[in-house]
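Shown next: target.cif, given as mmCIF, C-alpha atoms.
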```
data_model
loop_
_atom_site.group_PDB
_atom_site.id
_atom_site.type_symbol
_atom_site.label_atom_id
_atom_site.label_comp_id
_atom_site.auth_asym_id
_atom_site.auth_seq_id
_atom_site.Cartn_x
_atom_site.Cartn_y
_atom_site.Cartn_z
ATOM 1 C CA MET X 1 -54.292 144.597 -101.798
ATOM 2 C CA THR X 2 -53.314 145.105 -98.193
ATOM 3 C CA SER X 3 -49.956 144.188 -96.793
ATOM 4 C CA THR X 4 -51.434 141.294 -94.809
ATOM 5 C CA LEU X 5 -53.166 139.813 -97.845
ATOM 6 C CA ARG X 6 -49.991 140.190 -99.947
ATOM 7 C CA GLN X 7 -47.951 138.371 -97.292
ATOM 8 C CA ALA X 8 -50.592 135.635 -97.008
ATOM 9 C CA TRP X 9 -50.564 135.207 -100.810
ATOM 10 C CA VAL X 10 -46.732 134.952 -100.834
ATOM 11 C CA ALA X 11 -46.825 132.455 -97.939
ATOM 12 C CA ALA X 12 -49.458 130.330 -99.704
ATOM 13 C CA ARG X 13 -47.431 130.225 -102.947
ATOM 14 C CA PHE X 14 -44.267 129.423 -100.989
ATOM 15 C CA LEU X 15 -46.102 126.587 -99.221
ATOM 16 C CA VAL X 16 -47.278 125.100 -102.530
ATOM 17 C CA VAL X 17 -43.824 125.347 -104.134
ATOM 18 C CA MET X 18 -41.997 123.864 -101.126
ATOM 19 C CA THR X 19 -44.581 121.072 -100.808
ATOM 20 C CA ALA X 20 -44.056 120.208 -104.473
ATOM 21 C CA LEU X 21 -40.262 120.284 -104.116
ATOM 22 C CA LEU X 22 -39.761 118.665 -100.723
ATOM 23 C CA GLY X 23 -42.919 116.574 -100.506
ATOM 24 C CA VAL X 24 -43.002 115.210 -104.045
ATOM 25 C CA ALA X 25 -39.916 115.903 -106.196
ATOM 26 C CA TYR X 26 -37.253 115.103 -103.577
ATOM 27 C CA PRO X 27 -38.821 111.799 -102.377
ATOM 28 C CA VAL X 28 -39.338 110.692 -105.996
ATOM 29 C CA ALA X 29 -35.696 111.525 -106.809
ATOM 30 C CA VAL X 30 -34.400 109.590 -103.788
ATOM 31 C CA TRP X 31 -36.654 106.645 -104.650
ATOM 32 C CA GLY X 32 -35.405 106.750 -108.254
ATOM 33 C CA VAL X 33 -31.755 106.679 -107.197
ATOM 34 C CA GLY X 34 -32.516 103.751 -104.876
ATOM 35 C CA ARG X 35 -34.055 101.830 -107.761
ATOM 36 C CA VAL X 36 -31.237 102.562 -110.228
ATOM 37 C CA VAL X 37 -28.075 102.142 -108.111
ATOM 38 C CA PRO X 38 -27.537 98.415 -107.425
ATOM 39 C CA GLY X 39 -27.245 97.228 -103.837
ATOM 40 C CA THR X 40 -28.581 100.406 -102.239
ATOM 41 C CA ALA X 41 -32.200 99.462 -101.626
ATOM 42 C CA ASP X 42 -34.220 96.371 -100.744
ATOM 43 C CA GLY X 43 -32.253 95.455 -97.619
ATOM 44 C CA SER X 44 -28.836 94.466 -99.005
ATOM 45 C CA PHE X 45 -29.833 90.801 -99.116
ATOM 46 C CA VAL X 46 -27.174 88.114 -99.244
ATOM 47 C CA THR X 47 -28.312 85.179 -101.369
ATOM 48 C CA THR X 48 -27.116 81.651 -101.922
ATOM 49 C CA THR X 49 -26.146 80.398 -105.363
ATOM 50 C CA SER X 50 -29.728 79.144 -105.739
ATOM 51 C CA GLY X 51 -30.989 82.695 -105.207
ATOM 52 C CA SER X 52 -32.617 82.295 -101.789
ATOM 53 C CA ALA X 53 -32.000 85.116 -99.311
ATOM 54 C CA VAL X 54 -30.183 84.055 -96.134
ATOM 55 C CA GLY X 55 -29.606 87.417 -94.486
ATOM 56 C CA SER X 56 -28.452 90.970 -94.923
ATOM 57 C CA ALA X 57 -24.905 92.133 -95.570
ATOM 58 C CA LEU X 58 -25.574 94.912 -93.045
ATOM 59 C CA ILE X 59 -26.810 92.861 -90.057
ATOM 60 C CA GLY X 60 -24.717 90.280 -88.248
ATOM 61 C CA GLN X 61 -25.860 86.755 -87.467
ATOM 62 C CA ALA X 62 -24.756 84.259 -84.880
ATOM 63 C CA PHE X 63 -22.721 81.273 -86.068
ATOM 64 C CA ASP X 64 -21.961 78.568 -83.523
ATOM 65 C CA GLY X 65 -19.652 75.615 -83.626
ATOM 66 C CA PRO X 66 -16.108 75.039 -84.789
ATOM 67 C CA THR X 67 -17.042 74.702 -88.479
ATOM 68 C CA TRP X 68 -17.973 78.384 -88.883
ATOM 69 C CA PHE X 69 -16.220 81.701 -88.667
ATOM 70 C CA HIS X 70 -17.604 83.440 -85.617
ATOM 71 C CA PRO X 71 -18.790 87.053 -85.641
ATOM 72 C CA ARG X 72 -17.913 89.585 -82.993
ATOM 73 C CA PRO X 73 -19.954 89.351 -79.785
ATOM 74 C CA SER X 74 -23.366 90.985 -79.728
ATOM 75 C CA ALA X 75 -25.004 92.937 -76.909
ATOM 76 C CA ALA X 76 -28.328 93.197 -78.767
ATOM 77 C CA GLY X 77 -30.976 91.253 -76.870
ATOM 78 C CA ASP X 78 -30.172 87.547 -76.951
ATOM 79 C CA GLY X 79 -27.567 88.209 -79.617
ATOM 80 C CA TYR X 80 -28.065 89.802 -83.025
ATOM 81 C CA ASP X 81 -31.665 90.709 -82.163
ATOM 82 C CA ALA X 82 -32.410 93.595 -84.532
ATOM 83 C CA SER X 83 -35.441 94.644 -82.478
ATOM 84 C CA SER X 84 -33.197 95.481 -79.513
ATOM 85 C CA SER X 85 -30.147 96.865 -81.254
ATOM 86 C CA GLY X 86 -27.673 98.610 -79.017
ATOM 87 C CA GLY X 87 -24.471 98.236 -77.109
ATOM 88 C CA SER X 88 -24.110 97.568 -73.419
ATOM 89 C CA ASN X 89 -22.952 101.162 -72.754
ATOM 90 C CA LEU X 90 -20.591 99.800 -70.134
ATOM 91 C CA ALA X 91 -17.242 101.524 -69.668
ATOM 92 C CA MET X 92 -14.140 99.451 -70.354
ATOM 93 C CA ASP X 93 -13.343 99.382 -66.631
ATOM 94 C CA ASN X 94 -16.872 98.400 -65.562
ATOM 95 C CA PRO X 95 -16.683 95.103 -63.609
ATOM 96 C CA GLU X 96 -19.372 93.492 -65.803
ATOM 97 C CA GLN X 97 -17.513 94.503 -68.971
ATOM 98 C CA VAL X 98 -14.167 93.329 -67.604
ATOM 99 C CA LYS X 99 -15.739 89.974 -66.675
ATOM 100 C CA ALA X 100 -17.375 89.605 -70.104
ATOM 101 C CA VAL X 101 -14.115 90.390 -71.923
ATOM 102 C CA ARG X 102 -12.205 87.888 -69.761
ATOM 103 C CA GLU X 103 -14.795 85.185 -70.457
ATOM 104 C CA ARG X 104 -14.768 85.915 -74.187
ATOM 105 C CA THR X 105 -10.964 85.900 -74.218
ATOM 106 C CA ALA X 106 -10.917 82.513 -72.488
ATOM 107 C CA ALA X 107 -13.447 81.195 -75.036
ATOM 108 C CA VAL X 108 -11.328 82.378 -77.986
ATOM 109 C CA VAL X 109 -8.185 80.902 -76.432
ATOM 110 C CA ALA X 110 -9.974 77.579 -75.907
ATOM 111 C CA ALA X 111 -11.555 77.495 -79.382
ATOM 112 C CA ASP X 112 -8.697 78.833 -81.480
ATOM 113 C CA GLY X 113 -5.605 78.189 -79.343
ATOM 114 C CA ALA X 114 -4.719 81.866 -79.538
ATOM 115 C CA ASP X 115 -2.235 83.737 -77.401
ATOM 116 C CA PRO X 116 -4.408 86.067 -75.266
ATOM 117 C CA SER X 117 -2.186 89.044 -76.124
ATOM 118 C CA ALA X 118 -2.703 88.398 -79.866
ATOM 119 C CA ILE X 119 -6.500 88.362 -79.790
ATOM 120 C CA PRO X 120 -7.943 91.325 -81.719
ATOM 121 C CA PRO X 121 -10.353 93.580 -79.794
ATOM 122 C CA ASP X 122 -13.323 92.784 -82.030
ATOM 123 C CA ALA X 123 -13.117 89.127 -80.937
ATOM 124 C CA VAL X 124 -13.968 90.008 -77.334
ATOM 125 C CA THR X 125 -15.935 93.286 -77.456
ATOM 126 C CA ALA X 126 -19.407 93.925 -78.836
ATOM 127 C CA SER X 127 -20.044 96.671 -81.360
ATOM 128 C CA GLY X 128 -22.074 99.776 -80.566
ATOM 129 C CA SER X 129 -25.126 98.452 -82.396
ATOM 130 C CA GLY X 130 -24.686 94.826 -81.405
ATOM 131 C CA LEU X 131 -25.429 93.930 -85.033
ATOM 132 C CA ASP X 132 -22.046 94.440 -86.684
ATOM 133 C CA PRO X 133 -21.785 92.034 -89.651
ATOM 134 C CA ASP X 134 -18.024 92.435 -90.053
ATOM 135 C CA ILE X 135 -14.902 91.315 -88.245
ATOM 136 C CA SER X 136 -11.324 92.407 -88.682
ATOM 137 C CA PRO X 137 -9.094 90.391 -90.996
ATOM 138 C CA ALA X 138 -6.941 89.600 -87.942
ATOM 139 C CA TYR X 139 -9.894 87.918 -86.214
ATOM 140 C CA ALA X 140 -10.797 86.013 -89.387
ATOM 141 C CA TYR X 141 -7.205 84.750 -89.816
ATOM 142 C CA LEU X 142 -7.138 83.738 -86.140
ATOM 143 C CA GLN X 143 -10.055 81.365 -86.829
ATOM 144 C CA VAL X 144 -8.630 79.763 -89.999
ATOM 145 C CA ALA X 145 -6.914 76.800 -88.306
ATOM 146 C CA ARG X 146 -10.009 75.860 -86.275
ATOM 147 C CA VAL X 147 -12.369 76.092 -89.237
ATOM 148 C CA ALA X 148 -10.027 74.187 -91.564
ATOM 149 C CA THR X 149 -9.494 71.393 -89.028
ATOM 150 C CA ALA X 150 -13.207 71.098 -88.212
ATOM 151 C CA ARG X 151 -14.135 70.899 -91.906
ATOM 152 C CA GLY X 152 -11.180 68.780 -93.006
ATOM 153 C CA LEU X 153 -9.974 71.485 -95.403
ATOM 154 C CA ASP X 154 -6.506 72.701 -96.306
ATOM 155 C CA PRO X 155 -5.682 75.691 -94.053
ATOM 156 C CA ASP X 156 -4.062 77.495 -96.981
ATOM 157 C CA ALA X 157 -7.286 77.190 -98.990
ATOM 158 C CA VAL X 158 -9.307 78.592 -96.089
ATOM 159 C CA ARG X 159 -6.760 81.417 -95.676
ATOM 160 C CA ARG X 160 -7.114 82.247 -99.393
ATOM 161 C CA LEU X 161 -10.891 82.306 -98.917
ATOM 162 C CA VAL X 162 -10.447 84.881 -96.159
ATOM 163 C CA ASP X 163 -8.058 86.838 -98.411
ATOM 164 C CA ASP X 164 -10.760 86.936 -101.091
ATOM 165 C CA HIS X 165 -13.313 88.335 -98.624
ATOM 166 C CA VAL X 166 -11.241 91.136 -97.106
ATOM 167 C CA VAL X 167 -12.806 94.468 -98.055
ATOM 168 C CA GLY X 168 -10.427 97.407 -97.943
ATOM 169 C CA ARG X 169 -10.979 100.905 -96.634
ATOM 170 C CA MET X 170 -13.746 102.897 -98.270
ATOM 171 C CA LEU X 171 -12.239 105.324 -100.801
ATOM 172 C CA GLY X 172 -8.849 104.026 -99.727
ATOM 173 C CA PHE X 173 -8.736 105.889 -96.409
ATOM 174 C CA LEU X 174 -12.059 105.676 -94.548
ATOM 175 C CA GLY X 175 -12.643 102.965 -91.947
ATOM 176 C CA GLU X 176 -10.695 99.772 -91.487
ATOM 177 C CA PRO X 177 -10.319 96.636 -93.607
ATOM 178 C CA ARG X 178 -13.064 94.146 -92.757
ATOM 179 C CA VAL X 179 -14.547 90.737 -93.533
ATOM 180 C CA ASN X 180 -18.295 90.135 -93.752
ATOM 181 C CA VAL X 181 -18.889 86.967 -91.714
ATOM 182 C CA LEU X 182 -22.114 85.909 -93.457
ATOM 183 C CA GLU X 183 -20.586 86.190 -96.925
ATOM 184 C CA LEU X 184 -17.421 84.389 -95.755
ATOM 185 C CA ASN X 185 -19.414 81.533 -94.233
ATOM 186 C CA LEU X 186 -21.526 81.179 -97.397
ATOM 187 C CA ALA X 187 -18.355 80.881 -99.456
ATOM 188 C CA LEU X 188 -16.992 78.400 -96.911
ATOM 189 C CA GLU X 189 -20.156 76.304 -97.251
ATOM 190 C CA GLN X 190 -19.628 76.185 -101.023
ATOM 191 C CA MET X 191 -16.059 74.942 -100.493
ATOM 192 C CA GLY X 192 -17.303 71.845 -98.763
#
```

Represent the supplied structure as structure tokens.
Amino acid sequence: MTSTLRQAWVAARFLVVMTALLGVAYPVAVWGVGRVVPGTADGSFVTTTSGSAVGSALIGQAFDGPTWFHPRPSAAGDGYDASSSGGSNLAMDNPEQVKAVRERTAAVVAADGADPSAIPPDAVTASGSGLDPDISPAYAYLQVARVATARGLDPDAVRRLVDDHVVGRMLGFLGEPRVNVLELNLALEQMG
């Protein structure tokens, strides 16, 4: 057998082995893990107590009005449009960004009676994807009085609801504590 034929035979066997490993075995293994580990596949749906899906824990939704906890602003399309995900890419000193942050700050002050210097950044700035489902605990606590008053609930009960929905840092040190707005608002709806 010539050197060229030997190399072609080795290449053909290598191709078959790698196709079996990377084209069949690996995808089947990943699919299997996705089926076995709960909450890792099928879109991370958030469901009501009746079992109907109302959204994803990974994609933010707009909530308007004083009776709901509000998410962070979105720069995705008309707001939380998953087909046009993305941030504004404006620098913090860009006049459009400065204007938007001032307007959002004024809206939070008007809605929640907050001191402008105490407003957390996620209340007035959009996330990089524009679809962030979480807010900081500070922003959630800032909204407690408004939501409790609008719903006729005890502010301490609403504060405890927020406490119950604060998710800590991943592995104890990665990321920041956060509150999923959709899950919090579903729990709020169940309160009354």

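Distance check against Val181 (chain X) using all atoms listed in the file: of X:Gly168, X:Gly128, X:Pro71, X:Gly87, the minimum falls on X:Pro71.
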
Interatomic distance between CA of Ser88 (chain X) and CA of Val46 (chain X)? 27.7 Å

Within 9 Å of Pro133 (chain X) using only C-alpha atoms, minus same-chain residues under 2 positions, as an MDAnalysis selection string: chainID X and resid 56:61 71:72 131 135 179:182

Please report the interatomic distance between CA of Met191 (chain X) and CA of Ala53 (chain X) in Å with one decimal.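 Taking CA of Met191 (chain X) as the start and CA of Ala53 (chain X) as the end point, the length is 18.9 Å.
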
Residue neighbourhood Pro73 (chain X), 10 Å, only C-alpha atoms, exclusion window fewer than 4 positions, as a VMD selection string: chain X and resid 60 62 79 to 80 101 104 122 to 127 130 to 132

Neighbouring residues of Gly152 (chain X) were defined as those with any atom within 12 Å, considering only C-alpha atoms; residues of the same chain fewer than 6 positions away were excluded. Please report them as number ranges by chain. X: 66-67, 144-146, 158, 188, 191-192

Kindly list the centre and edge lengths in Å, rounded to one decimal, for the axis-aligned box that covers all listed atoms of region 184-191 of chain X plus 5 Å on each of its six sides, as lines of an AutoDock Vina configuration file.
```
center_x = -18.8
center_y = 79.7
center_z = -97.6
size_x = 15.5
size_y = 19.4
size_z = 16.8
```

Can you tell me how far CA of Leu153 (chain X) sits from CA of Phe69 (chain X), in Å to one decimal?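 Taking CA of Leu153 (chain X) and CA of Phe69 (chain X), their separation equals 13.7 Å.
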
Closest to Leu184 (chain X) among X:Ala157, X:Ala140, X:Ala110, X:Ala75, using only C-alpha atoms? X:Ala140

For the structure shown, which residues end up in the PyMOL selection byres ((chain X and resi 119) around 9)? Put them as a ChimeraX atom specification, please? /X:105,108-109,114-118,120-124,138-139,142

May I ask which of the residues X:Asp64, X:Asp134, X:Asp81, X:Asp112 is the closest one to Pro177 (chain X), counting all atoms listed in the file?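 Selected residue with least distance to Pro177 (chain X): X:Asp134.
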
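The shortest atom-to-atom distance to Gly175 (chain X), with all atoms listed in the file taken into account, belongs to X:Ser136 out of X:Val33, X:Arg160, X:Glu96, X:Ser136.
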
Please provide as an mmCIF file with C-alpha atoms, in the frame of the given file all residues within 9 Å of Pro137 (chain X), with the sequence filter that same-chain residues fewer than 6 positions apart are discarded (counting only C-alpha atoms).
```cif
data_model
loop_
_atom_site.group_PDB
_atom_site.id
_atom_site.type_symbol
_atom_site.label_atom_id
_atom_site.label_comp_id
_atom_site.auth_asym_id
_atom_site.auth_seq_id
_atom_site.Cartn_x
_atom_site.Cartn_y
_atom_site.Cartn_z
ATOM 1 C CA VAL X 162 -10.447 84.881 -96.159
ATOM 2 C CA ASP X 163 -8.058 86.838 -98.411
ATOM 3 C CA HIS X 165 -13.313 88.335 -98.624
ATOM 4 C CA VAL X 166 -11.241 91.136 -97.106
ATOM 5 C CA VAL X 167 -12.806 94.468 -98.055
ATOM 6 C CA PRO X 177 -10.319 96.636 -93.607
ATOM 7 C CA ARG X 178 -13.064 94.146 -92.757
ATOM 8 C CA VAL X 179 -14.547 90.737 -93.533
#
```

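In terms of minimum interatomic distance to Ser129 (chain X), X:Ser84 ranks closest within X:Val37, X:Ala12, X:Met92, X:Ser84, counting all atoms listed in the file.
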